[in-house]
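File shown: upload-v9.json. Contents: JSON, C-alpha atoms and all ligand atoms.
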```json
[["chain", "number", "residue", "atom", "x", "y", "z"],
["L", 113, "MET", "CA", 0.00, 0.00, 0.00],
["L", 114, "ILE", "CA", 2.84, 2.39, 0.80],
["L", 115, "ALA", "CA", 4.35, 1.69, -2.67],
["L", 116, "ALA", "CA", 0.92, 2.17, -4.32],
["L", 117, "LEU", "CA", 0.41, 5.49, -2.52],
["L", 118, "ALA", "CA", 3.92, 6.67, -3.48],
["L", 119, "GLY", "CA", 3.16, 5.76, -7.12],
["L", 120, "PHE", "CA", -0.18, 7.58, -6.97],
["L", 121, "PHE", "CA", 1.49, 10.66, -5.47],
["L", 122, "LEU", "CA", 4.10, 10.71, -8.27],
["L", 123, "TRP", "CA", 1.35, 10.39, -10.90],
["L", 124, "ARG", "CA", -1.32, 12.69, -9.43],
["L", 125, "GLY", "CA", 0.60, 14.98, -7.08],
["L", 126, "ARG", "CA", -1.20, 16.81, -4.30],
["L", 127, "ILE", "CA", -4.90, 17.42, -4.81],
["L", 128, "LEU", "CA", -5.24, 21.19, -4.71],
["L", 129, "THR", "CA", -8.25, 23.46, -4.49],
["L", 130, "ASP", "CA", -7.74, 24.50, -8.14],
["L", 131, "ASP", "CA", -8.84, 27.99, -9.10],
["L", 132, "THR", "CA", -10.26, 28.82, -5.69],
["L", 133, "GLN", "CA", -7.73, 30.62, -3.58],
["L", 134, "GLU", "CA", -7.98, 30.73, 0.18],
["L", 135, "SER", "CA", -10.92, 32.92, 1.11],
["L", 136, "GLY", "CA", -9.55, 33.83, 4.53],
["L", 137, "LYS", "CA", -12.87, 32.82, 6.09],
["L", 138, "LYS", "CA", -13.04, 29.66, 8.17],
["L", 139, "ILE", "CA", -15.82, 27.16, 8.65],
["L", 140, "LEU", "CA", -15.99, 24.69, 11.54],
["L", 141, "ARG", "CA", -15.82, 21.11, 10.26],
["L", 142, "PHE", "CA", -15.18, 19.07, 13.43],
["L", 143, "ASN", "CA", -15.74, 20.31, 16.98],
["L", 144, "GLY", "CA", -13.42, 19.61, 19.92],
["L", 145, "PHE", "CA", -15.21, 16.46, 21.03],
["L", 146, "GLU", "CA", -15.21, 15.00, 17.52],
["L", 147, "ARG", "CA", -11.50, 15.68, 17.19],
["L", 148, "PHE", "CA", -10.81, 14.21, 20.63],
["L", 149, "ALA", "CA", -12.66, 10.99, 19.68],
["L", 150, "HIS", "CA", -10.82, 10.80, 16.34],
["L", 151, "TRP", "CA", -7.34, 11.31, 17.76],
["L", 152, "MET", "CA", -7.90, 8.98, 20.71],
["L", 153, "THR", "CA", -8.97, 6.26, 18.25],
["L", 154, "ALA", "CA", -6.15, 7.08, 15.82],
["L", 155, "THR", "CA", -3.41, 7.01, 18.50],
["L", 156, "CYS", "CA", -4.69, 3.69, 19.85],
["L", 157, "PHE", "CA", -4.97, 2.29, 16.31],
["L", 158, "ILE", "CA", -1.34, 3.08, 15.47],
["L", 159, "ILE", "CA", -0.03, 1.44, 18.67],
["L", 160, "LEU", "CA", -2.42, -1.52, 18.25],
["L", 161, "SER", "CA", -1.20, -1.95, 14.66],
["L", 162, "LEU", "CA", 2.48, -1.96, 15.54],
["L", 163, "SER", "CA", 2.04, -4.19, 18.59],
["L", 164, "GLY", "CA", -0.29, -6.47, 16.60],
["L", 165, "LEU", "CA", 2.21, -6.84, 13.76],
["L", 166, "ASN", "CA", 4.85, -7.60, 16.39],
["L", 167, "TYR", "CA", 2.86, -10.64, 17.59],
["L", 168, "ILE", "CA", 3.05, -12.15, 14.11],
["L", 169, "PHE", "CA", 6.27, -10.89, 12.56],
["L", 170, "GLY", "CA", 8.35, -9.57, 15.50],
["L", 171, "LYS", "CA", 10.14, -12.80, 16.33],
["L", 172, "ARG", "CA", 11.31, -13.29, 12.75],
["L", 173, "LEU", "CA", 11.90, -9.69, 11.68],
["L", 174, "LEU", "CA", 12.72, -7.67, 14.79],
["L", 175, "MET", "CA", 14.46, -10.16, 17.11],
["L", 176, "PRO", "CA", 17.38, -10.81, 14.71],
["L", 177, "LEU", "CA", 17.94, -7.03, 14.55],
["L", 178, "ILE", "CA", 17.77, -6.05, 18.24],
["L", 179, "GLY", "CA", 18.54, -9.34, 20.02],
["L", 180, "PRO", "CA", 16.39, -11.58, 22.23],
["L", 181, "GLU", "CA", 16.65, -9.55, 25.45],
["L", 182, "ALA", "CA", 15.58, -6.22, 23.97],
["L", 183, "PHE", "CA", 12.93, -8.00, 21.92],
["L", 184, "GLY", "CA", 11.59, -9.76, 25.03],
["L", 185, "ALA", "CA", 11.19, -6.46, 26.92],
["L", 186, "LEU", "CA", 9.67, -4.73, 23.89],
["L", 187, "ALA", "CA", 7.29, -7.59, 23.14],
["L", 188, "GLN", "CA", 6.03, -7.55, 26.73],
["L", 189, "TRP", "CA", 5.26, -3.81, 26.53],
["L", 190, "ALA", "CA", 3.68, -4.36, 23.12],
["L", 191, "LYS", "CA", 1.45, -7.06, 24.59],
["L", 192, "TYR", "CA", 0.34, -4.83, 27.50],
["L", 193, "SER", "CA", -0.39, -1.89, 25.20],
["L", 194, "HIS", "CA", -2.31, -4.14, 22.80],
["L", 195, "VAL", "CA", -4.53, -5.50, 25.54],
["L", 196, "TYR", "CA", -5.16, -2.20, 27.35],
["L", 197, "LEU", "CA", -5.42, 0.19, 24.37],
["L", 198, "ALA", "CA", -8.02, -2.08, 22.79],
["L", 199, "TRP", "CA", -10.52, -0.53, 25.24],
["L", 200, "PRO", "CA", -10.15, 3.19, 24.37],
["L", 201, "PHE", "CA", -9.98, 2.12, 20.71],
["L", 202, "MET", "CA", -13.32, 0.32, 20.92],
["L", 203, "LEU", "CA", -14.80, 3.27, 22.83],
["L", 204, "GLY", "CA", -13.51, 5.68, 20.17],
["L", 205, "VAL", "CA", -15.06, 3.65, 17.35],
["L", 206, "VAL", "CA", -18.42, 3.58, 19.17],
["L", 207, "ILE", "CA", -18.28, 7.39, 19.72],
["L", 208, "MET", "CA", -17.34, 8.12, 16.08],
["L", 209, "VAL", "CA", -20.13, 5.86, 14.82],
["L", 210, "GLY", "CA", -22.61, 7.63, 17.11],
["L", 211, "LEU", "CA", -21.42, 11.09, 16.02],
["L", 212, "TRP", "CA", -21.18, 10.55, 12.26],
["L", 213, "LEU", "CA", -23.63, 7.78, 11.37],
["L", 214, "LYS", "CA", -26.34, 10.14, 10.14],
["L", 215, "ASP", "CA", -23.91, 11.85, 7.73],
["L", 216, "ASN", "CA", -22.66, 8.55, 6.29],
["L", 217, "ILE", "CA", -25.81, 6.95, 4.94],
["L", 218, "PRO", "CA", -25.12, 6.22, 1.23],
["L", 219, "ASN", "CA", -27.30, 8.08, -1.29],
["L", 220, "ARG", "CA", -27.48, 9.03, -5.00],
["L", 221, "ILE", "CA", -24.98, 11.89, -4.62],
["L", 222, "ASP", "CA", -22.35, 9.28, -3.67],
["L", 223, "TRP", "CA", -22.97, 7.36, -6.87],
["L", 224, "ALA", "CA", -22.46, 10.52, -8.95],
["L", 225, "TRP", "CA", -19.28, 11.23, -6.94],
["L", 226, "ILE", "CA", -17.95, 7.74, -7.69],
["L", 227, "LYS", "CA", -18.82, 8.04, -11.41],
["L", 228, "ALA", "CA", -16.92, 11.34, -11.54],
["L", 229, "GLY", "CA", -13.84, 9.61, -10.10],
["L", 230, "GLY", "CA", -14.18, 11.55, -6.85],
["L", 231, "GLY", "CA", -11.87, 14.31, -8.06],
["L", 232, "PHE", "CA", -8.91, 11.90, -7.90],
["L", 233, "ILE", "CA", -8.97, 11.43, -11.65],
["L", 234, "GLY", "CA", -9.11, 14.73, -13.51],
["L", 235, "HIS", "CA", -9.26, 18.04, -11.70],
["L", 236, "GLY", "CA", -12.93, 18.71, -11.06],
["L", 237, "HIS", "CA", -14.67, 18.54, -7.68],
["L", 238, "PRO", "CA", -17.90, 16.51, -7.78],
["L", 239, "HIS", "CA", -20.75, 17.49, -5.45],
["L", 240, "ALA", "CA", -20.48, 16.21, -1.89],
["L", 241, "GLU", "CA", -22.32, 16.57, 1.39],
["L", 242, "ARG", "CA", -20.54, 16.50, 4.77],
["L", 243, "PHE", "CA", -18.78, 13.26, 3.78],
["L", 244, "ASN", "CA", -18.13, 12.17, 0.21],
["L", 245, "ALA", "CA", -18.41, 8.54, -0.95],
["L", 246, "GLY", "CA", -14.70, 7.89, -0.25],
["L", 247, "GLN", "CA", -15.03, 9.16, 3.31],
["L", 248, "LYS", "CA", -18.20, 7.14, 3.78],
["L", 249, "GLY", "CA", -16.15, 4.13, 2.71],
["L", 250, "VAL", "CA", -13.59, 4.93, 5.42],
["L", 251, "PHE", "CA", -16.39, 5.39, 7.96],
["L", 252, "TRP", "CA", -18.01, 2.01, 7.17],
["L", 253, "MET", "CA", -14.64, 0.29, 7.09],
["L", 254, "VAL", "CA", -13.87, 1.67, 10.57],
["L", 255, "ALA", "CA", -17.35, 0.71, 11.85],
["L", 256, "GLY", "CA", -17.33, -2.80, 10.33],
["L", 257, "PHE", "CA", -13.70, -3.75, 10.88],
["L", 258, "GLY", "CA", -13.71, -1.99, 14.26],
["L", 259, "ALA", "CA", -16.64, -4.16, 15.38],
["L", 260, "ALA", "CA", -15.07, -7.33, 13.96],
["L", 261, "MET", "CA", -11.71, -6.60, 15.64],
["L", 262, "GLY", "CA", -13.50, -5.83, 18.90],
["L", 263, "VAL", "CA", -15.59, -9.02, 18.95],
["L", 264, "THR", "CA", -12.77, -11.36, 17.87],
["L", 265, "GLY", "CA", -10.35, -9.60, 20.25],
["L", 266, "LEU", "CA", -12.72, -9.95, 23.21],
["L", 267, "MET", "CA", -13.01, -13.68, 22.50],
["L", 268, "MET", "CA", -9.24, -13.98, 22.92],
["L", 269, "LEU", "CA", -9.12, -11.57, 25.86],
["L", 270, "PHE", "CA", -11.57, -13.76, 27.78],
["L", 271, "PRO", "CA", -10.49, -17.27, 26.84],
["L", 272, "PHE", "CA", -13.13, -20.01, 27.05],
["L", 273, "ALA", "CA", -15.81, -17.51, 28.11],
["L", 274, "LEU", "CA", -17.90, -18.33, 25.05],
["L", 275, "LEU", "CA", -15.65, -20.42, 22.77],
["L", 276, "ASP", "CA", -13.50, -23.53, 23.00],
["L", 277, "ILE", "CA", -9.93, -23.73, 21.73],
["L", 278, "ASN", "CA", -11.01, -24.33, 18.13],
["L", 279, "GLY", "CA", -13.33, -21.33, 18.19],
["L", 280, "MET", "CA", -10.55, -19.15, 19.64],
["L", 281, "GLN", "CA", -8.18, -20.25, 16.86],
["L", 282, "VAL", "CA", -10.77, -19.21, 14.27],
["L", 283, "MET", "CA", -11.10, -15.83, 16.05],
["L", 284, "GLN", "CA", -7.33, -15.42, 15.94],
["L", 285, "VAL", "CA", -7.16, -16.01, 12.18],
["L", 286, "ILE", "CA", -10.05, -13.59, 11.51],
["L", 287, "HIS", "CA", -8.52, -10.98, 13.86],
["L", 288, "SER", "CA", -5.12, -11.15, 12.09],
["L", 289, "LEU", "CA", -6.50, -11.09, 8.55],
["L", 290, "ILE", "CA", -8.91, -8.20, 9.12],
["L", 291, "GLY", "CA", -6.19, -6.40, 11.10],
["L", 292, "VAL", "CA", -3.83, -6.39, 8.12],
["L", 293, "VAL", "CA", -6.54, -5.20, 5.69],
["L", 294, "PHE", "CA", -7.58, -2.53, 8.22],
["L", 295, "ILE", "CA", -4.00, -1.21, 8.44],
["L", 296, "VAL", "CA", -3.77, -1.07, 4.64],
["L", 297, "GLY", "CA", -7.06, 0.87, 4.43],
["L", 298, "ILE", "CA", -6.06, 3.32, 7.15],
["L", 299, "LEU", "CA", -2.71, 3.97, 5.42],
["L", 300, "ALA", "CA", -4.69, 5.27, 2.44],
["L", 301, "HIS", "CA", -6.83, 7.38, 4.80],
["L", 302, "ILE", "CA", -3.74, 8.87, 6.47],
["L", 303, "TYR", "CA", -2.26, 9.65, 3.04],
["L", 304, "ILE", "CA", -5.30, 11.57, 1.81],
["L", 305, "GLY", "CA", -5.70, 13.37, 5.15],
["L", 306, "THR", "CA", -2.11, 14.66, 5.10],
["L", 307, "LEU", "CA", 0.11, 14.58, 2.01],
["L", 308, "GLY", "CA", -2.54, 13.68, -0.57],
["L", 309, "MET", "CA", -4.84, 16.69, -0.31],
["L", 310, "LYS", "CA", -3.94, 20.27, 0.47],
["L", 311, "GLY", "CA", -6.02, 21.71, 3.31],
["L", 312, "ALA", "CA", -7.52, 18.37, 4.45],
["L", 313, "TYR", "CA", -5.52, 18.05, 7.67],
["L", 314, "ASP", "CA", -6.92, 21.32, 9.07],
["L", 315, "ALA", "CA", -10.33, 19.65, 9.43],
["L", 316, "MET", "CA", -8.96, 17.34, 12.14],
["L", 317, "GLY", "CA", -6.13, 19.64, 13.26],
["L", 318, "SER", "CA", -7.68, 22.97, 14.23],
["L", 319, "GLY", "CA", -11.16, 21.74, 13.28],
["L", 320, "GLU", "CA", -11.62, 24.66, 10.90],
["L", 321, "VAL", "CA", -11.12, 24.66, 7.14],
["L", 322, "ASP", "CA", -10.96, 27.49, 4.67],
["L", 323, "LEU", "CA", -14.37, 28.29, 3.19],
["L", 324, "ALA", "CA", -13.02, 27.99, -0.36],
["L", 325, "TRP", "CA", -11.69, 24.49, 0.42],
["L", 326, "ALA", "CA", -15.01, 23.50, 1.96],
["L", 327, "ARG", "CA", -16.92, 24.84, -1.07],
["L", 328, "ALA", "CA", -14.66, 22.89, -3.45],
["L", 329, "HIS", "CA", -14.80, 19.56, -1.60],
["L", 330, "HIS", "CA", -18.11, 19.64, 0.29],
["L", 331, "ASP", "CA", -20.25, 22.18, -1.55],
["L", 332, "LEU", "CA", -23.65, 20.75, -0.52],
["L", 333, "TRP", "CA", -22.61, 20.65, 3.13],
["L", 334, "VAL", "CA", -21.55, 24.32, 3.00],
["L", 335, "GLU", "CA", -24.92, 25.24, 1.47],
["L", 336, "GLU", "CA", -26.68, 23.32, 4.21],
["L", 337, "GLN", "CA", -24.65, 25.04, 6.93],
["L", 338, "GLN", "CA", -25.33, 28.45, 5.43],
["L", 339, "ALA", "CA", -29.03, 27.71, 5.09],
["L", 340, "LYS", "CA", -29.20, 26.89, 8.80],
["L", 341, "THR", "CA", -28.53, 30.50, 9.61],
["L", 342, "ALA", "CA", -28.43, 33.49, 7.33],
["L", 343, "SER", "CA", -25.77, 35.28, 9.38],
["L", 344, "GLY", "CA", -23.60, 32.13, 9.37],
["L", 345, "PRO", "CA", -22.31, 31.81, 12.94],
["L", 346, "GLN", "CA", -20.31, 28.79, 11.72],
["L", 347, "PHE", "CA", -17.80, 31.20, 10.22],
["L", 348, "THR", "CA", -15.31, 32.31, 12.78],
["L", 349, "GLY", "CA", -14.27, 35.30, 10.68],
["L", 350, "ARG", "CA", -10.87, 35.31, 12.35],
["L", 351, "HIS", "CA", -9.31, 36.14, 9.02],
["L", 352, "PRO", "CA", -11.80, 38.38, 7.28],
["L", 353, "ALA", "CA", -11.75, 38.19, 3.50],
["L", 354, "PRO", "CA", -10.03, 41.21, 1.93],
["L", 355, "ALA", "CA", -12.28, 43.60, 0.02],
["L", 356, "GLU", "CA", -12.07, 43.03, -3.73],
["K", 1, "LIG", "C1", -2.27, 9.79, 11.79],
["K", 1, "LIG", "C2", -3.39, 9.26, 11.40],
["K", 1, "LIG", "C3", -4.61, 9.96, 10.87],
["K", 1, "LIG", "C4", -4.77, 11.16, 10.23],
["K", 1, "LIG", "C5", -3.68, 12.16, 9.85],
["K", 1, "LIG", "C6", -6.18, 11.33, 9.97],
["K", 1, "LIG", "C7", -6.76, 12.44, 9.37],
["K", 1, "LIG", "C8", -8.10, 12.64, 9.21],
["K", 1, "LIG", "C9", -8.72, 13.84, 8.66],
["K", 1, "LIG", "C10", -7.93, 15.07, 8.18],
["K", 1, "LIG", "C11", -10.05, 13.65, 8.64],
["K", 1, "LIG", "C12", -11.12, 14.66, 8.21],
["K", 1, "LIG", "C13", -11.45, 14.59, 6.75],
["K", 1, "LIG", "C14", -12.61, 15.52, 6.48],
["K", 1, "LIG", "O1", -12.42, 16.73, 6.31],
["K", 1, "LIG", "O2", -13.74, 15.03, 6.44],
["K", 1, "LIG", "C15", -10.32, 12.34, 9.19],
["K", 1, "LIG", "C16", -11.57, 11.76, 9.31],
["K", 1, "LIG", "C17", -11.81, 10.49, 9.79],
["K", 1, "LIG", "N1", -10.88, 9.62, 10.33],
["K", 1, "LIG", "FE1", -8.89, 9.93, 10.40],
["K", 1, "LIG", "N2", -6.85, 10.23, 10.44],
["K", 1, "LIG", "C18", -5.92, 9.36, 10.99],
["K", 1, "LIG", "C19", -6.17, 8.12, 11.55],
["K", 1, "LIG", "C20", -7.42, 7.55, 11.66],
["K", 1, "LIG", "C21", -7.68, 6.25, 12.22],
["K", 1, "LIG", "C22", -6.58, 5.33, 12.76],
["K", 1, "LIG", "C23", -9.01, 6.03, 12.14],
["K", 1, "LIG", "C24", -9.82, 4.84, 12.59],
["K", 1, "LIG", "C25", -9.33, 3.68, 12.88],
["K", 1, "LIG", "C26", -9.61, 7.19, 11.53],
["K", 1, "LIG", "C27", -10.95, 7.36, 11.26],
["K", 1, "LIG", "C28", -11.53, 8.47, 10.68],
["K", 1, "LIG", "C29", -12.93, 8.56, 10.34],
["K", 1, "LIG", "C30", -14.00, 7.48, 10.55],
["K", 1, "LIG", "C31", -13.12, 9.84, 9.78],
["K", 1, "LIG", "C32", -14.42, 10.43, 9.24],
["K", 1, "LIG", "C33", -14.65, 9.94, 7.82],
["K", 1, "LIG", "C34", -13.63, 10.53, 6.85],
["K", 1, "LIG", "O3", -13.48, 11.75, 6.79],
["K", 1, "LIG", "O4", -13.00, 9.72, 6.15],
["K", 1, "LIG", "N3", -8.61, 8.11, 11.25],
["K", 1, "LIG", "N4", -9.11, 11.75, 9.53]]
```
If you took the structure in this file and wrote it as structure tokens, what would it be?
Ligand code: HEM
Amino acid sequence: MIAALAGFFLWRGRILTDDTQESGKKILRFNGFERFAHWMTATCFIILSLSGLNYIFGKRLLMPLIGPEAFGALAQWAKYSHVYLAWPFMLGVVIMVGLWLKDNIPNRIDWAWIKAGGGFIGHGHPHAERFNAGQKGVFWMVAGFGAAMGVTGLMMLFPFALLDINGMQVMQVIHSLIGVVFIVGILAHIYIGTLGMKGAYDAMGSGEVDLAWARAHHDLWVEEQQAKTASGPQFTGRHPAPAE
């Protein structure tokens, strides 16, 4: 996936906001609680990924490099973090699903977005609501894989509570396979949220994005926000737009 993303970056470059320059006006995209839930989940996910990969590949890949003693100490910490960080991760997934479910129900606009290549191919920006079809894909991947990882993980965390040894082995295989696919999917998400698209990170960083960026990538959502109130209290106006 890293090689594929590097290839895509070389071919496509950074997705820019085209002809629209920064307006200087900001619109709130994610509030403090939403960002807290996202970053709590994201931090746990990264540590769970590394410690999870260590269970499977550490002995063969890492131990020859750092020696058995250092690997033993590291693997023990990795095991503790995997078992304990699973809880805030599951909580984070539940919160994000609760917060964003209503904005992630697929509809006809998503189909048009997919047919237009989502703005990845070519340089146009197809219509999108709060989340476009690609982001809805990320949302449902996180909800589905998050639930599957949670259930299979709990079966291993509480051995023999519900399953016998054969059942637990099946859970382990499912947990590892989905885990790897989940990591691959999230790598693509991290790429588009940072390097891949100019201005995207601000949405989860400060929570505010430039109005021109929002209009280009989520035009229908901006219209909806503006319709909610004519005076537009969503705009912080910290950087007023210069007079033409
Ligand atoms: C360092 C890692 C990460 C970065 C830089 C990052 C960045 C972002 C950004 C910028 C957005 C907002 C996009 C928008 O304007 O709508 C976002 C949304 C989201 N993130 Fe992350 N993220 C990271 C890791 C994760 C992880 C590990 C998960 C879950 C396991 C996750 C789940 C989500 C979900 C469900 C959304 C909302 C849907 C979407 O916009 O795709 N993120 N992320």
Quiz item: So which residues touch Phe201 of chain L within 9 Å, counting all atoms listed in the file, skipping near sequence neighbours fewer than 3 positions away, as a ChimeraX atom specification?
Solution: /L:152-157,160,197-198,204-206,258,262
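Take the candidates L:Gln247, L:Asn278, L:Thr129, L:Gln188 and check each one against ligand LIG 1 (chain K) using only C-alpha atoms and all ligand atoms; the shortest distance goes to L:Gln247.
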Quiz item: Residues at most 12 Å from segment 263-268 of chain L, counting only C-alpha atoms, excluding those fewer than 5 positions away in the same chain, as number ranges by chain?
Solution: L: 160, 164, 194-199, 201-202, 256-258, 273-291
Proximity check chain L to ligand LIG 1 (chain K), 7 Å, nearest pairs one decimal Å, all atoms listed in the file, as CSV:
```
residue,atom,partner,partner_atom,distance
L:Arg141,CA,K:LIG1,O1,6.8
L:His150,CA,K:LIG1,N1,6.1
L:Thr153,CA,K:LIG1,C24,5.9
L:Ala154,CA,K:LIG1,C22,3.6
L:Thr155,CA,K:LIG1,C22,6.8
L:Phe157,CA,K:LIG1,C22,4.9
L:Ile158,CA,K:LIG1,C22,6.3
L:Met208,CA,K:LIG1,C30,6.5
L:Phe243,CA,K:LIG1,O2,6.0
L:Gly246,CA,K:LIG1,O4,6.9
L:Gln247,CA,K:LIG1,O4,3.5
L:Lys248,CA,K:LIG1,C33,6.1
L:Val250,CA,K:LIG1,O4,4.9
L:Phe251,CA,K:LIG1,C30,4.1
L:Val254,CA,K:LIG1,C25,5.5
L:Ile298,CA,K:LIG1,C22,6.0
L:His301,CA,K:LIG1,N2,6.3
L:Ile302,CA,K:LIG1,C4,4.5
L:Gly305,CA,K:LIG1,C10,4.1
L:Thr306,CA,K:LIG1,C5,5.6
L:Ala312,CA,K:LIG1,C10,5.0
L:Tyr313,CA,K:LIG1,C10,3.9
L:Asp314,CA,K:LIG1,C10,6.4
L:Ala315,CA,K:LIG1,O1,4.8
L:Met316,CA,K:LIG1,C10,4.7
```
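Here atom CA of Arg147 of chain L is placed at a distance of 11.0 Å from atom CA of Glu320 of chain L.
Each of L:Ile127, L:Ile178, L:Met253, L:Ala190 was compared to His329 of chain L using all atoms listed in the file, and L:Ile127 turns out to be the nearest.
Put simply, atom CA of Glu336 of chain L is 23.6 Å away from atom CA of Gly229 of chain L.
One finds atom CA of His239 of chain L at 19.1 Å from atom CA of Leu140 of chain L.
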